[in-house]
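Q: To be precise about what I am sending: the file is called input03.tsv and holds TSV, N, CA and C atoms.
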chain	number	residue	atom	x	y	z
A	233	MET	N	128.45	107.18	97.28
A	233	MET	CA	127.32	107.79	97.94
A	233	MET	C	126.17	107.95	96.95
A	234	GLU	N	124.98	107.65	97.39
A	234	GLU	CA	123.79	107.75	96.55
A	234	GLU	C	123.40	109.22	96.39
A	235	TYR	N	122.89	109.55	95.22
A	235	TYR	CA	122.48	110.93	94.95
A	235	TYR	C	121.11	111.22	95.56
A	236	PHE	N	120.17	110.28	95.42
A	236	PHE	CA	118.83	110.45	95.97
A	236	PHE	C	118.70	109.67	97.26
A	237	THR	N	117.93	110.22	98.20
A	237	THR	CA	117.65	109.49	99.44
A	237	THR	C	116.71	108.32	99.11
A	238	VAL	N	116.54	107.43	100.05
A	238	VAL	CA	115.62	106.31	99.87
A	238	VAL	C	114.21	106.85	99.63
A	239	GLU	N	113.82	107.84	100.38
A	239	GLU	CA	112.49	108.41	100.23
A	239	GLU	C	112.30	109.04	98.85
A	240	GLU	N	113.31	109.77	98.39
A	240	GLU	CA	113.23	110.37	97.06
A	240	GLU	C	113.19	109.30	95.97
A	241	THR	N	114.00	108.25	96.14
A	241	THR	CA	114.00	107.16	95.17
A	241	THR	C	112.64	106.49	95.11
A	242	ASN	N	112.05	106.22	96.25
A	242	ASN	CA	110.72	105.61	96.28
A	242	ASN	C	109.69	106.50	95.59
A	243	LEU	N	109.76	107.79	95.83
A	243	LEU	CA	108.85	108.73	95.19
A	243	LEU	C	109.07	108.73	93.68
A	244	ILE	N	110.30	108.85	93.26
A	244	ILE	CA	110.63	108.93	91.84
A	244	ILE	C	110.13	107.69	91.10
A	245	CYS	N	110.25	106.54	91.71
A	245	CYS	CA	109.88	105.29	91.05
A	245	CYS	C	108.38	105.14	90.82
A	246	ILE	N	107.59	105.99	91.42
A	246	ILE	CA	106.14	105.98	91.19
A	246	ILE	C	105.83	106.52	89.80
A	247	TYR	N	106.72	107.36	89.29
A	247	TYR	CA	106.48	108.08	88.04
A	247	TYR	C	107.27	107.46	86.89
A	248	ASP	N	106.97	107.92	85.69
A	248	ASP	CA	107.67	107.49	84.49
A	248	ASP	C	109.05	108.13	84.50
A	249	ILE	N	110.08	107.32	84.68
A	249	ILE	CA	111.43	107.88	84.85
A	249	ILE	C	112.31	107.68	83.64
A	250	ARG	N	111.70	107.39	82.48
A	250	ARG	CA	112.51	107.19	81.27
A	250	ARG	C	113.28	108.43	80.88
A	251	THR	N	112.72	109.61	81.15
A	251	THR	CA	113.43	110.85	80.84
A	251	THR	C	113.39	111.79	82.04
A	252	ARG	N	114.43	112.57	82.18
A	252	ARG	CA	114.51	113.54	83.27
A	252	ARG	C	113.43	114.61	83.11
A	253	ALA	N	113.24	115.09	81.89
A	253	ALA	CA	112.24	116.14	81.64
A	253	ALA	C	110.83	115.65	81.96
A	254	GLY	N	110.52	114.43	81.56
A	254	GLY	CA	109.20	113.88	81.85
A	254	GLY	C	108.98	113.67	83.33
A	255	LEU	N	110.01	113.20	84.00
A	255	LEU	CA	109.92	113.00	85.44
A	255	LEU	C	109.71	114.33	86.15
A	256	LEU	N	110.47	115.35	85.77
A	256	LEU	CA	110.30	116.67	86.38
A	256	LEU	C	108.88	117.19	86.14
A	257	ARG	N	108.38	117.04	84.94
A	257	ARG	CA	107.02	117.49	84.62
A	257	ARG	C	106.00	116.79	85.53
A	258	ASP	N	106.14	115.47	85.68
A	258	ASP	CA	105.20	114.72	86.52
A	258	ASP	C	105.29	115.12	87.99
A	259	LEU	N	106.50	115.27	88.50
A	259	LEU	CA	106.68	115.65	89.90
A	259	LEU	C	106.11	117.04	90.17
A	260	ARG	N	106.39	117.98	89.28
A	260	ARG	CA	105.87	119.35	89.46
A	260	ARG	C	104.35	119.37	89.42
A	261	SER	N	103.79	118.59	88.53
A	261	SER	CA	102.33	118.53	88.40
A	261	SER	C	101.70	117.94	89.66
A	262	ALA	N	102.29	116.89	90.18
A	262	ALA	CA	101.74	116.22	91.36
A	262	ALA	C	101.93	117.02	92.64
A	263	LEU	N	102.94	117.87	92.68
A	263	LEU	CA	103.26	118.62	93.90
A	263	LEU	C	102.08	119.45	94.39
A	264	SER	N	101.29	119.99	93.47
A	264	SER	CA	100.16	120.82	93.89
A	264	SER	C	99.09	120.04	94.65
A	265	ASP	N	99.10	118.72	94.52
A	265	ASP	CA	98.13	117.87	95.22
A	265	ASP	C	98.66	117.29	96.52
A	266	VAL	N	99.88	117.65	96.90
A	266	VAL	CA	100.50	117.11	98.11
A	266	VAL	C	100.30	118.11	99.24
A	267	TYR	N	99.74	117.63	100.34
A	267	TYR	CA	99.47	118.51	101.47
A	267	TYR	C	100.30	118.18	102.70
A	268	ASP	N	100.83	116.97	102.77
A	268	ASP	CA	101.66	116.58	103.89
A	268	ASP	C	103.01	117.32	103.80
A	269	PRO	N	103.40	118.08	104.84
A	269	PRO	CA	104.63	118.86	104.78
A	269	PRO	C	105.90	118.03	104.52
A	270	GLU	N	105.99	116.87	105.14
A	270	GLU	CA	107.17	116.02	104.92
A	270	GLU	C	107.24	115.51	103.50
A	271	LEU	N	106.12	115.05	102.99
A	271	LEU	CA	106.09	114.54	101.62
A	271	LEU	C	106.33	115.67	100.63
A	272	LYS	N	105.77	116.84	100.90
A	272	LYS	CA	106.00	118.00	100.04
A	272	LYS	C	107.49	118.34	99.97
A	273	GLU	N	108.19	118.23	101.08
A	273	GLU	CA	109.63	118.51	101.09
A	273	GLU	C	110.40	117.46	100.31
A	274	ILE	N	109.98	116.20	100.38
A	274	ILE	CA	110.62	115.15	99.59
A	274	ILE	C	110.46	115.46	98.10
A	275	PHE	N	109.27	115.86	97.70
A	275	PHE	CA	109.04	116.26	96.31
A	275	PHE	C	109.98	117.40	95.93
A	276	ARG	N	110.03	118.42	96.77
A	276	ARG	CA	110.84	119.61	96.45
A	276	ARG	C	112.33	119.28	96.34
A	277	THR	N	112.84	118.47	97.26
A	277	THR	CA	114.28	118.16	97.19
A	277	THR	C	114.58	117.28	95.97
A	278	ALA	N	113.69	116.37	95.65
A	278	ALA	CA	113.88	115.53	94.46
A	278	ALA	C	113.86	116.40	93.21
A	279	ILE	N	112.93	117.33	93.14
A	279	ILE	CA	112.84	118.24	91.99
A	279	ILE	C	114.10	119.08	91.87
A	280	ARG	N	114.57	119.63	92.99
A	280	ARG	CA	115.80	120.46	92.96
A	280	ARG	C	116.99	119.65	92.46
A	281	LYS	N	117.12	118.44	92.96
A	281	LYS	CA	118.23	117.59	92.54
A	281	LYS	C	118.15	117.28	91.04
A	282	LEU	N	116.95	116.97	90.58
A	282	LEU	CA	116.78	116.68	89.15
A	282	LEU	C	117.05	117.90	88.29
A	283	GLU	N	116.67	119.07	88.77
A	283	GLU	CA	116.90	120.31	88.01
A	283	GLU	C	118.40	120.59	87.84
A	284	HIS	N	119.19	120.17	88.80
A	284	HIS	CA	120.62	120.43	88.74
A	284	HIS	C	121.41	119.37	87.97
A	285	LEU	N	120.74	118.31	87.57
A	285	LEU	CA	121.40	117.28	86.77
A	285	LEU	C	121.25	117.59	85.29
A	286	THR	N	122.26	117.22	84.52
A	286	THR	CA	122.09	117.23	83.07
A	286	THR	C	121.41	115.93	82.68
A	287	ASP	N	120.94	115.85	81.45
A	287	ASP	CA	120.34	114.60	81.00
A	287	ASP	C	121.35	113.45	81.04
A	288	SER	N	122.60	113.74	80.71
A	288	SER	CA	123.65	112.71	80.75
A	288	SER	C	123.89	112.23	82.17
A	289	GLU	N	123.95	113.15	83.11
A	289	GLU	CA	124.13	112.76	84.51
A	289	GLU	C	122.95	111.93	84.99
A	290	TYR	N	121.74	112.34	84.58
A	290	TYR	CA	120.55	111.59	84.97
A	290	TYR	C	120.63	110.16	84.44
A	291	LEU	N	121.03	110.01	83.20
A	291	LEU	CA	121.11	108.67	82.61
A	291	LEU	C	122.14	107.80	83.32
A	292	GLU	N	123.14	108.41	83.92
A	292	GLU	CA	124.12	107.64	84.71
A	292	GLU	C	123.50	107.16	86.03
A	293	LEU	N	122.64	107.97	86.62
A	293	LEU	CA	122.00	107.61	87.89
A	293	LEU	C	120.79	106.72	87.71
A	294	ALA	N	120.05	106.93	86.64
A	294	ALA	CA	118.77	106.26	86.45
A	294	ALA	C	118.83	104.74	86.39
A	295	PRO	N	119.89	104.11	85.86
A	295	PRO	CA	119.88	102.64	85.85
A	295	PRO	C	119.74	102.02	87.23
A	296	GLY	N	120.08	102.75	88.26
A	296	GLY	CA	119.86	102.25	89.61
A	296	GLY	C	118.39	102.25	89.99
A	297	LEU	N	117.58	102.96	89.20
A	297	LEU	CA	116.15	103.07	89.46
A	297	LEU	C	115.34	102.11	88.59
A	298	VAL	N	115.76	101.93	87.35
A	298	VAL	CA	115.06	101.05	86.40
A	298	VAL	C	116.07	100.39	85.49
A	299	PRO	N	115.68	99.34	84.78
A	299	PRO	CA	116.60	98.76	83.80
A	299	PRO	C	116.97	99.79	82.73
A	300	ALA	N	118.22	99.80	82.31
A	300	ALA	CA	118.72	100.78	81.34
A	300	ALA	C	117.93	100.74	80.04
A	301	ASP	N	117.38	99.61	79.67
A	301	ASP	CA	116.60	99.50	78.42
A	301	ASP	C	115.37	100.38	78.44
A	302	ASP	N	114.90	100.74	79.63
A	302	ASP	CA	113.69	101.53	79.76
A	302	ASP	C	113.94	103.04	79.70
A	303	LEU	N	115.21	103.45	79.57
A	303	LEU	CA	115.53	104.87	79.59
A	303	LEU	C	115.62	105.42	78.17
A	304	GLU	N	115.27	106.70	78.03
A	304	GLU	CA	115.33	107.38	76.73
A	304	GLU	C	116.05	108.70	76.93
A	305	VAL	N	116.69	109.17	75.89
A	305	VAL	CA	117.32	110.49	75.91
A	305	VAL	C	116.41	111.42	75.15
A	306	GLU	N	116.02	112.55	75.78
A	306	GLU	CA	115.19	113.54	75.10
A	306	GLU	C	116.09	114.55	74.44
A	307	ALA	N	115.72	114.94	73.23
A	307	ALA	CA	116.51	115.92	72.49
A	307	ALA	C	116.14	117.33	72.92
Go through the file and emit its structure as structure tokens.

A:
Amino acid sequence: MEYFTVEETNLICIYDIRTRAGLLRDLRSALSDVYDPELKEIFRTAIRKLEHLTDSEYLELAPGLVPADDLEVEA
């Protein structure tokens, strides 16, 4: 079973997904500019899911989003 929905995956791929922390920062920053209720909920659920992942768990999921060479681990 996939962790992110298709809609969440599409949203996530718009941003720099090399690190979980960077992705969370970008999503939180962009959320204030989202006015569509459905899109706002997609942002919120994606953010919640990312908040509950460890960096290691994220790195296991992220290769499905981008090539593994593009991922970084933040200290």

Q: Hey, what's within 8 Å of region 261-266 of chain A if we count only N, CA and C atoms and toss same-chain stuff fewer than 5 positions away? As a PyMOL selection string, please?

A: chain A and resi 255-256+271-272+275-276

Q: Could you please take those selected residues and save N, CA and C atoms as a PDB file, keeping the file's coordinate frame?

A:
ATOM      1  N   LEU A 255     110.010 113.200  84.000  1.00  0.00           N
ATOM      2  CA  LEU A 255     109.920 113.000  85.440  1.00  0.00           C
ATOM      3  C   LEU A 255     109.710 114.330  86.150  1.00  0.00           C
ATOM      4  N   LEU A 256     110.470 115.350  85.770  1.00  0.00           N
ATOM      5  CA  LEU A 256     110.300 116.670  86.380  1.00  0.00           C
ATOM      6  C   LEU A 256     108.880 117.190  86.140  1.00  0.00           C
ATOM      7  N   LEU A 271     106.120 115.050 102.990  1.00  0.00           N
ATOM      8  CA  LEU A 271     106.090 114.540 101.620  1.00  0.00           C
ATOM      9  C   LEU A 271     106.330 115.670 100.630  1.00  0.00           C
ATOM     10  N   LYS A 272     105.770 116.840 100.900  1.00  0.00           N
ATOM     11  CA  LYS A 272     106.000 118.000 100.040  1.00  0.00           C
ATOM     12  C   LYS A 272     107.490 118.340  99.970  1.00  0.00           C
ATOM     13  N   PHE A 275     109.270 115.860  97.700  1.00  0.00           N
ATOM     14  CA  PHE A 275     109.040 116.260  96.310  1.00  0.00           C
ATOM     15  C   PHE A 275     109.980 117.400  95.930  1.00  0.00           C
ATOM     16  N   ARG A 276     110.030 118.420  96.770  1.00  0.00           N
ATOM     17  CA  ARG A 276     110.840 119.610  96.450  1.00  0.00           C
ATOM     18  C   ARG A 276     112.330 119.280  96.340  1.00  0.00           C
TER      19      ARG A 276
END

Q: DSSP on the backbone, alpha helix (DSSP H) only: what residues of chain A does that give? Format it as a PyMOL selection string.

A: chain A and resi 238-244+252-263+269-284+287-293

Q: So how many Å separate CA of Ile274 (chain A) and atom C of Glu239 (chain A), to one decimal?

A: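 If I compute the distance from CA of Ile274 (chain A) to atom C of Glu239 (chain A), I get 6.4 Å.
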
Q: Using only C-alpha atoms, what residues lie at most 12 Å away from (114.5, 115.1, 99.7) (file coordinates), given as JSON, numbers by chain?

A: {"A": [235, 236, 237, 238, 239, 240, 241, 242, 243, 244, 269, 270, 271, 272, 273, 274, 275, 276, 277, 278, 279, 280, 281, 282]}

Q: At what distance in Å, to one decimal, does atom N of Glu234 (chain A) lie from atom N of Arg260 (chain A)?

A: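 Interatomic distance, atom N of Arg260 (chain A) to atom N of Glu234 (chain A): 22.8 Å.
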
Q: Can you sort out region 236-247 of chain A so it carries all heavy atoms, written as a PDB file, in the coordinates of the input?

A:
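After the write, result-v3.pdb holds the following:
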ATOM      1  N   PHE A 236     120.170 110.280  95.420  1.00  0.00           N
ATOM      2  CA  PHE A 236     118.830 110.450  95.970  1.00  0.00           C
ATOM      3  C   PHE A 236     118.700 109.670  97.260  1.00  0.00           C
ATOM      4  O   PHE A 236     119.244 108.583  97.398  1.00  0.00           O
ATOM      5  CB  PHE A 236     117.775 109.959  94.973  1.00  0.00           C
ATOM      6  CG  PHE A 236     117.719 110.759  93.704  1.00  0.00           C
ATOM      7  CD1 PHE A 236     118.256 110.267  92.528  1.00  0.00           C
ATOM      8  CD2 PHE A 236     117.121 112.011  93.681  1.00  0.00           C
ATOM      9  CE1 PHE A 236     118.213 110.998  91.363  1.00  0.00           C
ATOM     10  CE2 PHE A 236     117.072 112.754  92.517  1.00  0.00           C
ATOM     11  CZ  PHE A 236     117.619 112.248  91.352  1.00  0.00           C
ATOM     12  N   THR A 237     117.930 110.220  98.200  1.00  0.00           N
ATOM     13  CA  THR A 237     117.650 109.490  99.440  1.00  0.00           C
ATOM     14  C   THR A 237     116.710 108.320  99.110  1.00  0.00           C
ATOM     15  O   THR A 237     116.111 108.277  98.022  1.00  0.00           O
ATOM     16  CB  THR A 237     116.971 110.395 100.481  1.00  0.00           C
ATOM     17  OG1 THR A 237     115.676 110.764  99.984  1.00  0.00           O
ATOM     18  CG2 THR A 237     117.807 111.620 100.795  1.00  0.00           C
ATOM     19  N   VAL A 238     116.540 107.430 100.050  1.00  0.00           N
ATOM     20  CA  VAL A 238     115.620 106.310  99.870  1.00  0.00           C
ATOM     21  C   VAL A 238     114.210 106.850  99.630  1.00  0.00           C
ATOM     22  O   VAL A 238     113.491 106.369  98.753  1.00  0.00           O
ATOM     23  CB  VAL A 238     115.643 105.375 101.102  1.00  0.00           C
ATOM     24  CG1 VAL A 238     114.545 104.339 101.026  1.00  0.00           C
ATOM     25  CG2 VAL A 238     116.999 104.724 101.241  1.00  0.00           C
ATOM     26  N   GLU A 239     113.820 107.840 100.380  1.00  0.00           N
ATOM     27  CA  GLU A 239     112.490 108.410 100.230  1.00  0.00           C
ATOM     28  C   GLU A 239     112.300 109.040  98.850  1.00  0.00           C
ATOM     29  O   GLU A 239     111.251 108.865  98.217  1.00  0.00           O
ATOM     30  CB  GLU A 239     112.227 109.470 101.318  1.00  0.00           C
ATOM     31  CG  GLU A 239     112.163 108.917 102.722  1.00  0.00           C
ATOM     32  CD  GLU A 239     113.536 108.704 103.362  1.00  0.00           C
ATOM     33  OE1 GLU A 239     114.566 109.098 102.778  1.00  0.00           O
ATOM     34  OE2 GLU A 239     113.560 108.120 104.451  1.00  0.00           O
ATOM     35  N   GLU A 240     113.310 109.770  98.390  1.00  0.00           N
ATOM     36  CA  GLU A 240     113.230 110.370  97.060  1.00  0.00           C
ATOM     37  C   GLU A 240     113.190 109.300  95.970  1.00  0.00           C
ATOM     38  O   GLU A 240     112.424 109.412  95.016  1.00  0.00           O
ATOM     39  CB  GLU A 240     114.429 111.292  96.829  1.00  0.00           C
ATOM     40  CG  GLU A 240     114.414 112.528  97.685  1.00  0.00           C
ATOM     41  CD  GLU A 240     115.752 113.231  97.768  1.00  0.00           C
ATOM     42  OE1 GLU A 240     116.785 112.676  97.310  1.00  0.00           O
ATOM     43  OE2 GLU A 240     115.775 114.357  98.310  1.00  0.00           O
ATOM     44  N   THR A 241     114.000 108.250  96.140  1.00  0.00           N
ATOM     45  CA  THR A 241     114.000 107.160  95.170  1.00  0.00           C
ATOM     46  C   THR A 241     112.640 106.490  95.110  1.00  0.00           C
ATOM     47  O   THR A 241     112.122 106.210  94.020  1.00  0.00           O
ATOM     48  CB  THR A 241     115.096 106.134  95.518  1.00  0.00           C
ATOM     49  OG1 THR A 241     116.366 106.790  95.512  1.00  0.00           O
ATOM     50  CG2 THR A 241     115.116 104.995  94.523  1.00  0.00           C
ATOM     51  N   ASN A 242     112.050 106.220  96.250  1.00  0.00           N
ATOM     52  CA  ASN A 242     110.720 105.610  96.280  1.00  0.00           C
ATOM     53  C   ASN A 242     109.690 106.500  95.590  1.00  0.00           C
ATOM     54  O   ASN A 242     108.842 106.016  94.842  1.00  0.00           O
ATOM     55  CB  ASN A 242     110.297 105.314  97.713  1.00  0.00           C
ATOM     56  CG  ASN A 242     111.060 104.172  98.319  1.00  0.00           C
ATOM     57  OD1 ASN A 242     111.631 103.337  97.623  1.00  0.00           O
ATOM     58  ND2 ASN A 242     111.087 104.122  99.638  1.00  0.00           N
ATOM     59  N   LEU A 243     109.760 107.790  95.830  1.00  0.00           N
ATOM     60  CA  LEU A 243     108.850 108.730  95.190  1.00  0.00           C
ATOM     61  C   LEU A 243     109.070 108.730  93.680  1.00  0.00           C
ATOM     62  O   LEU A 243     108.115 108.608  92.910  1.00  0.00           O
ATOM     63  CB  LEU A 243     109.071 110.143  95.750  1.00  0.00           C
ATOM     64  CG  LEU A 243     108.335 111.261  95.025  1.00  0.00           C
ATOM     65  CD1 LEU A 243     106.826 111.113  95.217  1.00  0.00           C
ATOM     66  CD2 LEU A 243     108.823 112.604  95.506  1.00  0.00           C
ATOM     67  N   ILE A 244     110.300 108.850  93.260  1.00  0.00           N
ATOM     68  CA  ILE A 244     110.630 108.930  91.840  1.00  0.00           C
ATOM     69  C   ILE A 244     110.130 107.690  91.100  1.00  0.00           C
ATOM     70  O   ILE A 244     109.617 107.788  89.981  1.00  0.00           O
ATOM     71  CB  ILE A 244     112.153 109.113  91.665  1.00  0.00           C
ATOM     72  CG1 ILE A 244     112.540 110.540  92.069  1.00  0.00           C
ATOM     73  CG2 ILE A 244     112.593 108.800  90.252  1.00  0.00           C
ATOM     74  CD1 ILE A 244     114.034 110.757  92.202  1.00  0.00           C
ATOM     75  N   CYS A 245     110.250 106.540  91.710  1.00  0.00           N
ATOM     76  CA  CYS A 245     109.880 105.290  91.050  1.00  0.00           C
ATOM     77  C   CYS A 245     108.380 105.140  90.820  1.00  0.00           C
ATOM     78  O   CYS A 245     107.951 104.265  90.076  1.00  0.00           O
ATOM     79  CB  CYS A 245     110.432 104.100  91.819  1.00  0.00           C
ATOM     80  SG  CYS A 245     112.212 103.956  91.645  1.00  0.00           S
ATOM     81  N   ILE A 246     107.590 105.990  91.420  1.00  0.00           N
ATOM     82  CA  ILE A 246     106.140 105.980  91.190  1.00  0.00           C
ATOM     83  C   ILE A 246     105.830 106.520  89.800  1.00  0.00           C
ATOM     84  O   ILE A 246     104.828 106.176  89.194  1.00  0.00           O
ATOM     85  CB  ILE A 246     105.414 106.814  92.257  1.00  0.00           C
ATOM     86  CG1 ILE A 246     105.586 106.180  93.623  1.00  0.00           C
ATOM     87  CG2 ILE A 246     103.946 106.999  91.921  1.00  0.00           C
ATOM     88  CD1 ILE A 246     105.100 107.053  94.766  1.00  0.00           C
ATOM     89  N   TYR A 247     106.720 107.360  89.290  1.00  0.00           N
ATOM     90  CA  TYR A 247     106.480 108.080  88.040  1.00  0.00           C
ATOM     91  C   TYR A 247     107.270 107.460  86.890  1.00  0.00           C
ATOM     92  O   TYR A 247     108.138 106.627  87.082  1.00  0.00           O
ATOM     93  CB  TYR A 247     106.839 109.561  88.225  1.00  0.00           C
ATOM     94  CG  TYR A 247     105.950 110.210  89.252  1.00  0.00           C
ATOM     95  CD1 TYR A 247     106.339 110.276  90.584  1.00  0.00           C
ATOM     96  CD2 TYR A 247     104.699 110.687  88.904  1.00  0.00           C
ATOM     97  CE1 TYR A 247     105.496 110.825  91.546  1.00  0.00           C
ATOM     98  CE2 TYR A 247     103.852 111.240  89.854  1.00  0.00           C
ATOM     99  CZ  TYR A 247     104.261 111.301  91.170  1.00  0.00           C
ATOM    100  OH  TYR A 247     103.422 111.838  92.105  1.00  0.00           O
TER     101      TYR A 247
END
